[in-house]
$ cat entry_9.pdb   # PDB, C-alpha atoms
ATOM      1  CA  MET A   5      45.224  10.702 -51.508
ATOM      2  CA  TYR A   6      43.872  14.212 -51.965
ATOM      3  CA  ALA A   7      43.340  14.640 -48.214
ATOM      4  CA  ILE A   8      47.101  14.811 -47.585
ATOM      5  CA  SER A   9      47.545  18.403 -48.619
ATOM      6  CA  VAL A  10      50.219  19.955 -46.362
ATOM      7  CA  ALA A  11      53.979  19.406 -46.485
ATOM      8  CA  ILE A  12      56.329  20.975 -43.944
ATOM      9  CA  PHE A  13      59.882  21.514 -45.158
ATOM     10  CA  VAL A  14      62.478  21.675 -42.386
ATOM     11  CA  GLY A  15      65.679  23.671 -42.802
ATOM     12  CA  GLU A  16      67.497  23.251 -46.104
ATOM     13  CA  SER A  17      64.888  20.815 -47.416
ATOM     14  CA  ASN A  18      62.952  23.858 -48.668
ATOM     15  CA  GLU A  19      65.375  23.820 -51.594
ATOM     16  CA  TRP A  20      63.384  20.844 -52.921
ATOM     17  CA  ILE A  21      60.146  22.776 -53.406
ATOM     18  CA  GLU A  22      60.890  24.114 -56.885
ATOM     19  CA  GLY A  23      62.022  20.684 -58.058
ATOM     20  CA  LEU A  24      58.914  19.126 -56.547
ATOM     21  CA  ALA A  25      56.739  21.518 -58.528
ATOM     22  CA  GLU A  26      58.529  20.464 -61.709
ATOM     23  CA  GLU A  27      57.888  16.798 -60.924
ATOM     24  CA  MET A  28      54.216  17.440 -60.132
ATOM     25  CA  GLN A  29      53.802  19.163 -63.496
ATOM     26  CA  LYS A  30      54.730  15.890 -65.231
ATOM     27  CA  HIS A  31      51.736  14.068 -63.723
ATOM     28  CA  SER A  32      48.641  15.204 -65.565
ATOM     29  CA  PRO A  33      45.024  14.155 -64.939
ATOM     30  CA  GLY A  34      42.979  12.322 -67.546
ATOM     31  CA  ILE A  35      40.965   9.226 -68.393
ATOM     32  CA  GLU A  36      43.742   7.342 -70.178
ATOM     33  CA  ASP A  37      45.462   4.388 -68.522
ATOM     34  CA  ASP A  38      48.698   6.320 -68.067
ATOM     35  CA  SER A  39      47.009   9.330 -66.445
ATOM     36  CA  ALA A  40      48.099  10.244 -62.926
ATOM     37  CA  TYR A  41      44.575  10.730 -61.579
ATOM     38  CA  GLY A  42      41.009  11.393 -62.622
ATOM     39  CA  PRO A  43      38.535  14.257 -62.258
ATOM     40  CA  LEU A  44      36.976  15.504 -59.058
ATOM     41  CA  ILE A  45      33.687  13.848 -58.164
ATOM     42  CA  SER A  46      31.383  16.795 -58.952
ATOM     43  CA  LYS A  47      31.232  20.381 -60.182
ATOM     44  CA  ALA A  48      30.660  21.491 -56.591
ATOM     45  CA  ALA A  49      33.817  19.709 -55.466
ATOM     46  CA  LYS A  50      35.779  21.346 -58.262
ATOM     47  CA  GLN A  51      34.415  24.782 -57.418
ATOM     48  CA  ARG A  52      35.325  24.339 -53.760
ATOM     49  CA  VAL A  53      38.935  23.574 -54.679
ATOM     50  CA  LEU A  54      39.054  26.498 -57.111
ATOM     51  CA  ASN A  55      37.756  28.787 -54.386
ATOM     52  CA  LEU A  56      40.494  27.642 -52.023
ATOM     53  CA  ILE A  57      43.149  28.166 -54.705
ATOM     54  CA  ASP A  58      41.858  31.708 -55.209
ATOM     55  CA  GLN A  59      41.878  32.314 -51.457
ATOM     56  CA  GLY A  60      45.454  31.092 -51.211
ATOM     57  CA  LYS A  61      46.552  33.595 -53.832
ATOM     58  CA  ALA A  62      44.540  36.426 -52.259
ATOM     59  CA  GLN A  63      45.923  35.723 -48.786
ATOM     60  CA  GLY A  64      49.518  36.017 -49.932
ATOM     61  CA  ALA A  65      50.734  32.487 -50.620
ATOM     62  CA  THR A  66      52.962  31.978 -53.656
ATOM     63  CA  CYS A  67      51.347  29.756 -56.278
ATOM     64  CA  VAL A  68      54.380  28.057 -57.798
ATOM     65  CA  LEU A  69      52.268  25.694 -59.909
ATOM     66  CA  ASP A  70      48.686  26.571 -60.846
ATOM     67  CA  GLY A  71      46.334  23.897 -62.184
ATOM     68  CA  SER A  72      43.110  25.854 -61.879
ATOM     69  CA  GLN A  73      42.766  26.273 -65.663
ATOM     70  CA  CYS A  74      43.376  22.610 -66.463
ATOM     71  CA  VAL A  75      41.745  21.236 -69.633
ATOM     72  CA  VAL A  76      41.738  17.587 -70.675
ATOM     73  CA  ASP A  77      41.084  17.343 -74.421
ATOM     74  CA  SER A  78      39.727  13.797 -74.271
ATOM     75  CA  SER A  79      37.100  14.797 -71.699
ATOM     76  CA  PRO A  80      36.536  18.564 -71.836
ATOM     77  CA  GLU A  81      33.442  18.465 -69.601
ATOM     78  CA  GLY A  82      35.229  16.710 -66.719
ATOM     79  CA  ASN A  83      35.778  18.359 -63.356
ATOM     80  CA  TRP A  84      39.490  18.771 -63.916
ATOM     81  CA  ILE A  85      42.066  20.502 -61.778
ATOM     82  CA  GLY A  86      45.738  20.175 -62.576
ATOM     83  CA  PRO A  87      48.577  19.751 -60.073
ATOM     84  CA  THR A  88      48.873  22.865 -57.918
ATOM     85  CA  LEU A  89      51.559  23.847 -55.407
ATOM     86  CA  PHE A  90      51.716  26.736 -52.944
ATOM     87  CA  ARG A  91      54.685  27.867 -50.881
ATOM     88  CA  GLY A  92      55.031  30.633 -48.313
ATOM     89  CA  VAL A  93      51.887  29.387 -46.595
ATOM     90  CA  THR A  94      51.085  30.409 -43.016
ATOM     91  CA  VAL A  95      48.736  28.798 -40.505
ATOM     92  CA  ASP A  96      46.167  31.595 -40.732
ATOM     93  CA  MET A  97      45.481  30.913 -44.422
ATOM     94  CA  SER A  98      42.396  29.028 -45.603
ATOM     95  CA  ILE A  99      44.434  26.561 -47.654
ATOM     96  CA  TYR A 100      46.136  25.429 -44.443
ATOM     97  CA  GLN A 101      43.109  25.456 -42.181
ATOM     98  CA  GLN A 102      40.878  23.416 -44.500
ATOM     99  CA  GLU A 103      41.475  20.036 -46.093
ATOM    100  CA  ILE A 104      41.412  20.770 -49.792
ATOM    101  CA  PHE A 105      40.493  17.339 -51.199
ATOM    102  CA  GLY A 106      42.035  18.184 -54.561
ATOM    103  CA  PRO A 107      45.462  17.902 -56.226
ATOM    104  CA  VAL A 108      46.843  20.875 -54.299
ATOM    105  CA  LEU A 109      49.989  20.727 -52.156
ATOM    106  CA  VAL A 110      50.474  23.363 -49.459
ATOM    107  CA  CYS A 111      54.106  23.937 -48.436
ATOM    108  CA  ILE A 112      55.135  25.444 -45.099
ATOM    109  CA  GLU A 113      58.769  26.157 -44.281
ATOM    110  CA  VAL A 114      60.270  26.001 -40.771
ATOM    111  CA  GLU A 115      63.823  25.980 -39.434
ATOM    112  CA  THR A 116      63.790  23.015 -37.026
ATOM    113  CA  LEU A 117      62.084  19.679 -36.444
ATOM    114  CA  SER A 118      60.818  20.931 -33.083
ATOM    115  CA  GLN A 119      59.067  23.822 -34.826
ATOM    116  CA  ALA A 120      57.445  21.387 -37.252
ATOM    117  CA  ILE A 121      56.219  19.171 -34.398
ATOM    118  CA  GLN A 122      54.824  22.170 -32.519
ATOM    119  CA  LEU A 123      53.016  23.402 -35.636
ATOM    120  CA  ILE A 124      51.373  20.007 -36.173
ATOM    121  CA  ASN A 125      50.435  19.573 -32.524
ATOM    122  CA  GLU A 126      48.718  22.967 -32.504
ATOM    123  CA  ASN A 127      46.468  21.929 -35.387
ATOM    124  CA  PRO A 128      42.959  20.989 -34.167
ATOM    125  CA  TYR A 129      43.017  17.774 -36.223
ATOM    126  CA  GLY A 130      45.044  14.636 -35.667
ATOM    127  CA  ASN A 131      44.312  12.084 -38.361
ATOM    128  CA  GLY A 132      47.590  11.148 -40.064
ATOM    129  CA  THR A 133      51.110  12.443 -40.584
ATOM    130  CA  SER A 134      54.372  11.187 -42.071
ATOM    131  CA  ILE A 135      57.999  12.161 -41.711
ATOM    132  CA  PHE A 136      60.588  11.594 -44.427
ATOM    133  CA  THR A 137      64.113  11.408 -43.068
ATOM    134  CA  ASN A 138      67.303   9.352 -43.081
ATOM    135  CA  SER A 139      67.859  10.112 -39.395
ATOM    136  CA  GLY A 140      66.702   7.499 -36.913
ATOM    137  CA  ALA A 141      66.987  10.054 -34.108
ATOM    138  CA  ALA A 142      64.684  12.486 -35.950
ATOM    139  CA  ALA A 143      62.171   9.727 -36.660
ATOM    140  CA  ARG A 144      62.160   8.627 -33.014
ATOM    141  CA  GLN A 145      61.700  12.190 -31.759
ATOM    142  CA  TYR A 146      58.852  12.688 -34.217
ATOM    143  CA  GLN A 147      56.932   9.527 -33.451
ATOM    144  CA  HIS A 148      57.175  10.088 -29.688
ATOM    145  CA  GLN A 149      56.349  13.812 -29.583
ATOM    146  CA  ILE A 150      53.742  14.110 -32.325
ATOM    147  CA  LYS A 151      50.114  14.218 -31.155
ATOM    148  CA  VAL A 152      48.577  12.442 -34.142
ATOM    149  CA  GLY A 153      47.053   8.992 -34.126
ATOM    150  CA  GLN A 154      48.416   7.582 -37.396
ATOM    151  CA  VAL A 155      52.134   8.162 -37.938
ATOM    152  CA  GLY A 156      54.294   7.080 -40.865
ATOM    153  CA  VAL A 157      58.060   7.074 -41.239
ATOM    154  CA  ASN A 158      59.150   7.310 -44.878
ATOM    155  CA  VAL A 159      55.719   6.182 -46.114
ATOM    156  CA  PRO A 160      53.421   8.605 -47.963
ATOM    157  CA  ILE A 161      50.071   7.436 -46.550
ATOM    158  CA  PRO A 162      50.189   6.499 -42.844
ATOM    159  CA  VAL A 163      46.736   4.874 -42.643
ATOM    160  CA  PRO A 164      47.312   1.379 -41.197
ATOM    161  CA  LEU A 165      46.123  -1.881 -42.717
ATOM    162  CA  PRO A 166      42.546  -2.916 -41.827
ATOM    163  CA  PHE A 167      43.576  -5.372 -39.115
ATOM    164  CA  PHE A 168      44.809  -2.372 -37.144
ATOM    165  CA  SER A 169      42.355   0.148 -35.761
ATOM    166  CA  PHE A 170      41.694   3.565 -37.235
ATOM    167  CA  THR A 171      43.441   5.883 -34.778
ATOM    168  CA  GLY A 172      42.574   9.440 -35.759
ATOM    169  CA  TRP A 173      42.847  11.891 -32.859
ATOM    170  CA  ARG A 174      41.253  15.175 -31.770
ATOM    171  CA  GLY A 175      38.987  16.771 -34.397
ATOM    172  CA  SER A 176      39.614  13.882 -36.801
ATOM    173  CA  PHE A 177      37.661  11.360 -34.717
ATOM    174  CA  TYR A 178      34.075  11.124 -33.478
ATOM    175  CA  GLY A 179      32.519   8.530 -31.210
ATOM    176  CA  ASP A 180      33.907   6.286 -28.514
ATOM    177  CA  LEU A 181      35.088   3.308 -30.600
ATOM    178  CA  HIS A 182      37.304   3.067 -33.641
ATOM    179  CA  ALA A 183      36.020   2.059 -37.043
ATOM    180  CA  TYR A 184      37.776  -1.244 -37.575
ATOM    181  CA  GLY A 185      40.550  -3.466 -36.307
ATOM    182  CA  LYS A 186      40.971  -4.929 -32.838
ATOM    183  CA  GLN A 187      39.335  -2.008 -31.039
ATOM    184  CA  ALA A 188      36.135  -2.342 -33.077
ATOM    185  CA  VAL A 189      35.720  -5.893 -31.717
ATOM    186  CA  LYS A 190      35.005  -4.373 -28.292
ATOM    187  CA  PHE A 191      31.577  -3.311 -29.506
ATOM    188  CA  TYR A 192      30.568  -6.965 -29.917
ATOM    189  CA  THR A 193      32.463  -8.383 -26.947
ATOM    190  CA  GLU A 194      31.478  -9.216 -23.360
ATOM    191  CA  THR A 195      34.581  -8.633 -21.318
ATOM    192  CA  LYS A 196      35.698 -11.084 -18.635
ATOM    193  CA  THR A 197      38.126  -9.863 -15.969
ATOM    194  CA  ILE A 198      40.077 -12.330 -13.812
ATOM    195  CA  THR A 199      42.171 -11.182 -10.875
ATOM    196  CA  ALA A 200      44.265 -13.891  -9.166
ATOM    197  CA  ARG A 201      47.002 -14.297  -6.598
ATOM    198  CA  TRP A 202      48.722 -17.618  -5.836
ATOM    199  CA  PHE A 203      51.004 -18.854  -3.057
ATOM    200  CA  ASP A 204      53.334 -21.830  -3.481
ATOM    201  CA  ASP A 205      52.605 -23.221  -0.018
ATOM    202  CA  GLU A 206      48.847 -23.547  -0.613
ATOM    203  CA  VAL A 207      48.762 -25.865  -3.603
ATOM    204  CA  VAL A 208      45.481 -27.846  -3.884
ATOM    205  CA  ASN A 209      45.673 -31.300  -5.498
ATOM    206  CA  GLY A 210      43.275 -34.005  -6.631
ATOM    207  CA  PRO A 211      39.788 -34.325  -5.086
ATOM    208  CA  ASN A 212      40.080 -31.154  -3.032
ATOM    209  CA  LEU A 213      39.574 -29.133  -6.233
ATOM    210  CA  THR A 214      36.053 -27.630  -6.515
ATOM    211  CA  ILE A 215      34.578 -25.451  -9.286
ATOM    212  CA  GLN A 216      31.380 -23.466  -8.871
ATOM    213  CA  LEU A 217      29.212 -22.031 -11.655
ATOM    214  CA  LYS A 218      26.544 -19.378 -11.238
TER     215      LYS A 218
END
$ encode --input "entry_9.pdb" --output "structure tokens"
Amino acid sequence: MYAISVAIFVGESNEWIEGLAEEMQKHSPGIEDDSAYGPLISKAAKQRVLNLIDQGKAQGATCVLDGSQCVVDSSPEGNWIGPTLFRGVTVDMSIYQQEIFGPVLVCIEVETLSQAIQLINENPYGNGTSIFTNSGAAARQYQHQIKVGQVGVNVPIPVPLPFFSFTGWRGSFYGDLHAYGKQAVKFYTETKTITARWFDDEVVNGPNLTIQLK
């Protein structure tokens, strides 16, 4: 879930950012059953996220919620980072250009849906994206114009179920076959192609039928 680190707020929806920060603050990390999430996998991973948080501040983004000094009393040696939210982010900032892989949400604000689509399509990566809307017209425009392989409408994680293929695009995909799903079967399949054309006045019946095998 940490890979989904950028949210684009269109028009008046930017009024939700402060409230979102308040909600994020309620979800603390820890090792207890009711904790929202656990520690990062290593000290190096934690330091990488801390470095990106510092870069975001230095490059002019507004850190509305800062979890860089997070401490969990029940596990003080853990690689903890608390919920963190930036707003006022621009596309030239490191926290936008790199996937953070930590509990950090990067907020970008635009005026129109078309601007949001253009911003996403100009990104060199094309793994997954979701739109949250109550407008069917907006959802249709988004899913048709967006240049990303995995698209969600009102779902937080657009990665499809395993019986569908992984469909990351552009810099988010390497190789010539997808990882799983129907397209992965092609790797193990010998393809047979049959091209046929039939005419009603040349029907062959009974013993005149012949089949040849080579």
$ resolve_selection --input "entry_9.pdb" --expression "the PyMOL selection byres ((chain A and resi 110) around 12)" --output "mmCIF file with C-alpha atoms, in the frame of the given file"
data_model
loop_
_atom_site.group_PDB
_atom_site.id
_atom_site.type_symbol
_atom_site.label_atom_id
_atom_site.label_comp_id
_atom_site.auth_asym_id
_atom_site.auth_seq_id
_atom_site.Cartn_x
_atom_site.Cartn_y
_atom_site.Cartn_z
ATOM 1 C CA TYR A 6 43.872 14.212 -51.965
ATOM 2 C CA ALA A 7 43.340 14.640 -48.214
ATOM 3 C CA ILE A 8 47.101 14.811 -47.585
ATOM 4 C CA SER A 9 47.545 18.403 -48.619
ATOM 5 C CA VAL A 10 50.219 19.955 -46.362
ATOM 6 C CA ALA A 11 53.979 19.406 -46.485
ATOM 7 C CA ILE A 12 56.329 20.975 -43.944
ATOM 8 C CA PHE A 13 59.882 21.514 -45.158
ATOM 9 C CA ILE A 21 60.146 22.776 -53.406
ATOM 10 C CA LEU A 24 58.914 19.126 -56.547
ATOM 11 C CA ALA A 25 56.739 21.518 -58.528
ATOM 12 C CA LEU A 56 40.494 27.642 -52.023
ATOM 13 C CA ILE A 57 43.149 28.166 -54.705
ATOM 14 C CA GLY A 60 45.454 31.092 -51.211
ATOM 15 C CA LYS A 61 46.552 33.595 -53.832
ATOM 16 C CA ALA A 65 50.734 32.487 -50.620
ATOM 17 C CA THR A 66 52.962 31.978 -53.656
ATOM 18 C CA CYS A 67 51.347 29.756 -56.278
ATOM 19 C CA VAL A 68 54.380 28.057 -57.798
ATOM 20 C CA LEU A 69 52.268 25.694 -59.909
ATOM 21 C CA ASP A 70 48.686 26.571 -60.846
ATOM 22 C CA PRO A 87 48.577 19.751 -60.073
ATOM 23 C CA THR A 88 48.873 22.865 -57.918
ATOM 24 C CA LEU A 89 51.559 23.847 -55.407
ATOM 25 C CA PHE A 90 51.716 26.736 -52.944
ATOM 26 C CA ARG A 91 54.685 27.867 -50.881
ATOM 27 C CA GLY A 92 55.031 30.633 -48.313
ATOM 28 C CA VAL A 93 51.887 29.387 -46.595
ATOM 29 C CA THR A 94 51.085 30.409 -43.016
ATOM 30 C CA VAL A 95 48.736 28.798 -40.505
ATOM 31 C CA MET A 97 45.481 30.913 -44.422
ATOM 32 C CA SER A 98 42.396 29.028 -45.603
ATOM 33 C CA ILE A 99 44.434 26.561 -47.654
ATOM 34 C CA TYR A 100 46.136 25.429 -44.443
ATOM 35 C CA GLN A 101 43.109 25.456 -42.181
ATOM 36 C CA GLN A 102 40.878 23.416 -44.500
ATOM 37 C CA GLU A 103 41.475 20.036 -46.093
ATOM 38 C CA ILE A 104 41.412 20.770 -49.792
ATOM 39 C CA PHE A 105 40.493 17.339 -51.199
ATOM 40 C CA GLY A 106 42.035 18.184 -54.561
ATOM 41 C CA PRO A 107 45.462 17.902 -56.226
ATOM 42 C CA VAL A 108 46.843 20.875 -54.299
ATOM 43 C CA LEU A 109 49.989 20.727 -52.156
ATOM 44 C CA CYS A 111 54.106 23.937 -48.436
ATOM 45 C CA ILE A 112 55.135 25.444 -45.099
ATOM 46 C CA GLU A 113 58.769 26.157 -44.281
#
$ axis_aligned_box --input "entry_9.pdb" --around "range 142-147 of chain A" --padding-each-side "8 Å" --output "JSON"
{"center_x": 60.8, "center_y": 10.7, "center_z": -34.2, "size_x": 23.8, "size_y": 20.1, "size_z": 20.9}
$ resolve_selection --input "entry_9.pdb" --expression "the PyMOL selection byres ((chain A and resi 132) around 8)" --output "list of chain:residue names"
A:Gly130, A:Asn131, A:Thr133, A:Ser134, A:Val152, A:Gly153, A:Gln154, A:Val155, A:Gly156, A:Ile161, A:Pro162, A:Val163, A:Gly172
$ atom_distance --input "entry_9.pdb" --atom1 "CA of Ser72 in chain A" --atom2 "CA of Ala120 in chain A"
28.8 Å
$ closest_residue --input "entry_9.pdb" --among "A:Ser139, A:Val114, A:Tyr129, A:Val14" --to "Lys151 in chain A" --atoms "all atoms listed in the file"
A:Tyr129
$ atom_distance --input "entry_9.pdb" --atom1 "CA of Gly15 in chain A" --atom2 "CA of Glu115 in chain A"
4.5 Å
$ residues_near_point --input "entry_9.pdb" --point "(39.0, 16.4, -61.3)" --cutoff "12 Å" --atoms "all atoms listed in the file" --output "VMD selection string"
chain A and resid 6 32 to 35 39 to 54 71 to 76 79 to 87 105 to 108
$ write_last_selection --input "entry_9.pdb" --atoms "C-alpha atoms" --output "PDB file, in the coordinates of the input"
ATOM      1  CA  TYR A   6      43.872  14.212 -51.965  1.00  0.00           C
ATOM      2  CA  SER A  32      48.641  15.204 -65.565  1.00  0.00           C
ATOM      3  CA  PRO A  33      45.024  14.155 -64.939  1.00  0.00           C
ATOM      4  CA  GLY A  34      42.979  12.322 -67.546  1.00  0.00           C
ATOM      5  CA  ILE A  35      40.965   9.226 -68.393  1.00  0.00           C
ATOM      6  CA  SER A  39      47.009   9.330 -66.445  1.00  0.00           C
ATOM      7  CA  ALA A  40      48.099  10.244 -62.926  1.00  0.00           C
ATOM      8  CA  TYR A  41      44.575  10.730 -61.579  1.00  0.00           C
ATOM      9  CA  GLY A  42      41.009  11.393 -62.622  1.00  0.00           C
ATOM     10  CA  PRO A  43      38.535  14.257 -62.258  1.00  0.00           C
ATOM     11  CA  LEU A  44      36.976  15.504 -59.058  1.00  0.00           C
ATOM     12  CA  ILE A  45      33.687  13.848 -58.164  1.00  0.00           C
ATOM     13  CA  SER A  46      31.383  16.795 -58.952  1.00  0.00           C
ATOM     14  CA  LYS A  47      31.232  20.381 -60.182  1.00  0.00           C
ATOM     15  CA  ALA A  48      30.660  21.491 -56.591  1.00  0.00           C
ATOM     16  CA  ALA A  49      33.817  19.709 -55.466  1.00  0.00           C
ATOM     17  CA  LYS A  50      35.779  21.346 -58.262  1.00  0.00           C
ATOM     18  CA  GLN A  51      34.415  24.782 -57.418  1.00  0.00           C
ATOM     19  CA  ARG A  52      35.325  24.339 -53.760  1.00  0.00           C
ATOM     20  CA  VAL A  53      38.935  23.574 -54.679  1.00  0.00           C
ATOM     21  CA  LEU A  54      39.054  26.498 -57.111  1.00  0.00           C
ATOM     22  CA  GLY A  71      46.334  23.897 -62.184  1.00  0.00           C
ATOM     23  CA  SER A  72      43.110  25.854 -61.879  1.00  0.00           C
ATOM     24  CA  GLN A  73      42.766  26.273 -65.663  1.00  0.00           C
ATOM     25  CA  CYS A  74      43.376  22.610 -66.463  1.00  0.00           C
ATOM     26  CA  VAL A  75      41.745  21.236 -69.633  1.00  0.00           C
ATOM     27  CA  VAL A  76      41.738  17.587 -70.675  1.00  0.00           C
ATOM     28  CA  SER A  79      37.100  14.797 -71.699  1.00  0.00           C
ATOM     29  CA  PRO A  80      36.536  18.564 -71.836  1.00  0.00           C
ATOM     30  CA  GLU A  81      33.442  18.465 -69.601  1.00  0.00           C
ATOM     31  CA  GLY A  82      35.229  16.710 -66.719  1.00  0.00           C
ATOM     32  CA  ASN A  83      35.778  18.359 -63.356  1.00  0.00           C
ATOM     33  CA  TRP A  84      39.490  18.771 -63.916  1.00  0.00           C
ATOM     34  CA  ILE A  85      42.066  20.502 -61.778  1.00  0.00           C
ATOM     35  CA  GLY A  86      45.738  20.175 -62.576  1.00  0.00           C
ATOM     36  CA  PRO A  87      48.577  19.751 -60.073  1.00  0.00           C
ATOM     37  CA  PHE A 105      40.493  17.339 -51.199  1.00  0.00           C
ATOM     38  CA  GLY A 106      42.035  18.184 -54.561  1.00  0.00           C
ATOM     39  CA  PRO A 107      45.462  17.902 -56.226  1.00  0.00           C
ATOM     40  CA  VAL A 108      46.843  20.875 -54.299  1.00  0.00           C
TER      41      VAL A 108
END
$ atom_distance --input "entry_9.pdb" --atom1 "CA of Ile121 in chain A" --atom2 "CA of Glu26 in chain A"
27.4 Å
$ closest_residue --input "entry_9.pdb" --among "A:Ser17, A:Gln122, A:Asp37, A:Asp96" --to "Gln63 in chain A" --atoms "all atoms listed in the file"
A:Asp96
$ residues_around --input "entry_9.pdb" --residues "Leu117 in chain A" --least-positions-apart "6" --cutoff "12 Å" --atoms "only C-alpha atoms" --output "count of residues only"
21
$ build_atoms --input "entry_9.pdb" --residues "range 17-31 of chain A" --atoms "N, CA and C atoms" --output "CSV table (one decimal), keeping the file's coordinate frame"
chain,number,residue,atom,x,y,z
A,17,SER,N,65.7,21.6,-46.5
A,17,SER,CA,64.9,20.8,-47.4
A,17,SER,C,64.0,21.7,-48.2
A,18,ASN,N,63.8,23.0,-47.9
A,18,ASN,CA,63.0,23.9,-48.7
A,18,ASN,C,63.5,24.1,-50.1
A,19,GLU,N,64.8,23.7,-50.3
A,19,GLU,CA,65.4,23.8,-51.6
A,19,GLU,C,64.7,22.8,-52.6
A,20,TRP,N,64.0,21.9,-52.1
A,20,TRP,CA,63.4,20.8,-52.9
A,20,TRP,C,62.1,21.3,-53.5
A,21,ILE,N,61.5,22.4,-53.0
A,21,ILE,CA,60.1,22.8,-53.4
A,21,ILE,C,60.0,23.1,-54.9
A,22,GLU,N,61.0,23.8,-55.5
A,22,GLU,CA,60.9,24.1,-56.9
A,22,GLU,C,61.0,22.8,-57.7
A,23,GLY,N,61.9,21.9,-57.3
A,23,GLY,CA,62.0,20.7,-58.1
A,23,GLY,C,60.8,19.8,-57.9
A,24,LEU,N,60.2,19.9,-56.8
A,24,LEU,CA,58.9,19.1,-56.5
A,24,LEU,C,57.8,19.6,-57.5
A,25,ALA,N,57.7,20.9,-57.6
A,25,ALA,CA,56.7,21.5,-58.5
A,25,ALA,C,57.0,21.0,-60.0
A,26,GLU,N,58.2,21.0,-60.4
A,26,GLU,CA,58.5,20.5,-61.7
A,26,GLU,C,58.1,19.0,-61.9
A,27,GLU,N,58.3,18.2,-60.8
A,27,GLU,CA,57.9,16.8,-60.9
A,27,GLU,C,56.4,16.7,-61.0
A,28,MET,N,55.7,17.5,-60.2
A,28,MET,CA,54.2,17.4,-60.1
A,28,MET,C,53.6,17.8,-61.5
A,29,GLN,N,54.3,18.7,-62.2
A,29,GLN,CA,53.8,19.2,-63.5
A,29,GLN,C,53.8,18.0,-64.5
A,30,LYS,N,54.6,17.0,-64.3
A,30,LYS,CA,54.7,15.9,-65.2
A,30,LYS,C,53.6,14.9,-65.1
A,31,HIS,N,52.8,15.0,-64.0
A,31,HIS,CA,51.7,14.1,-63.7
A,31,HIS,C,50.4,14.7,-64.0
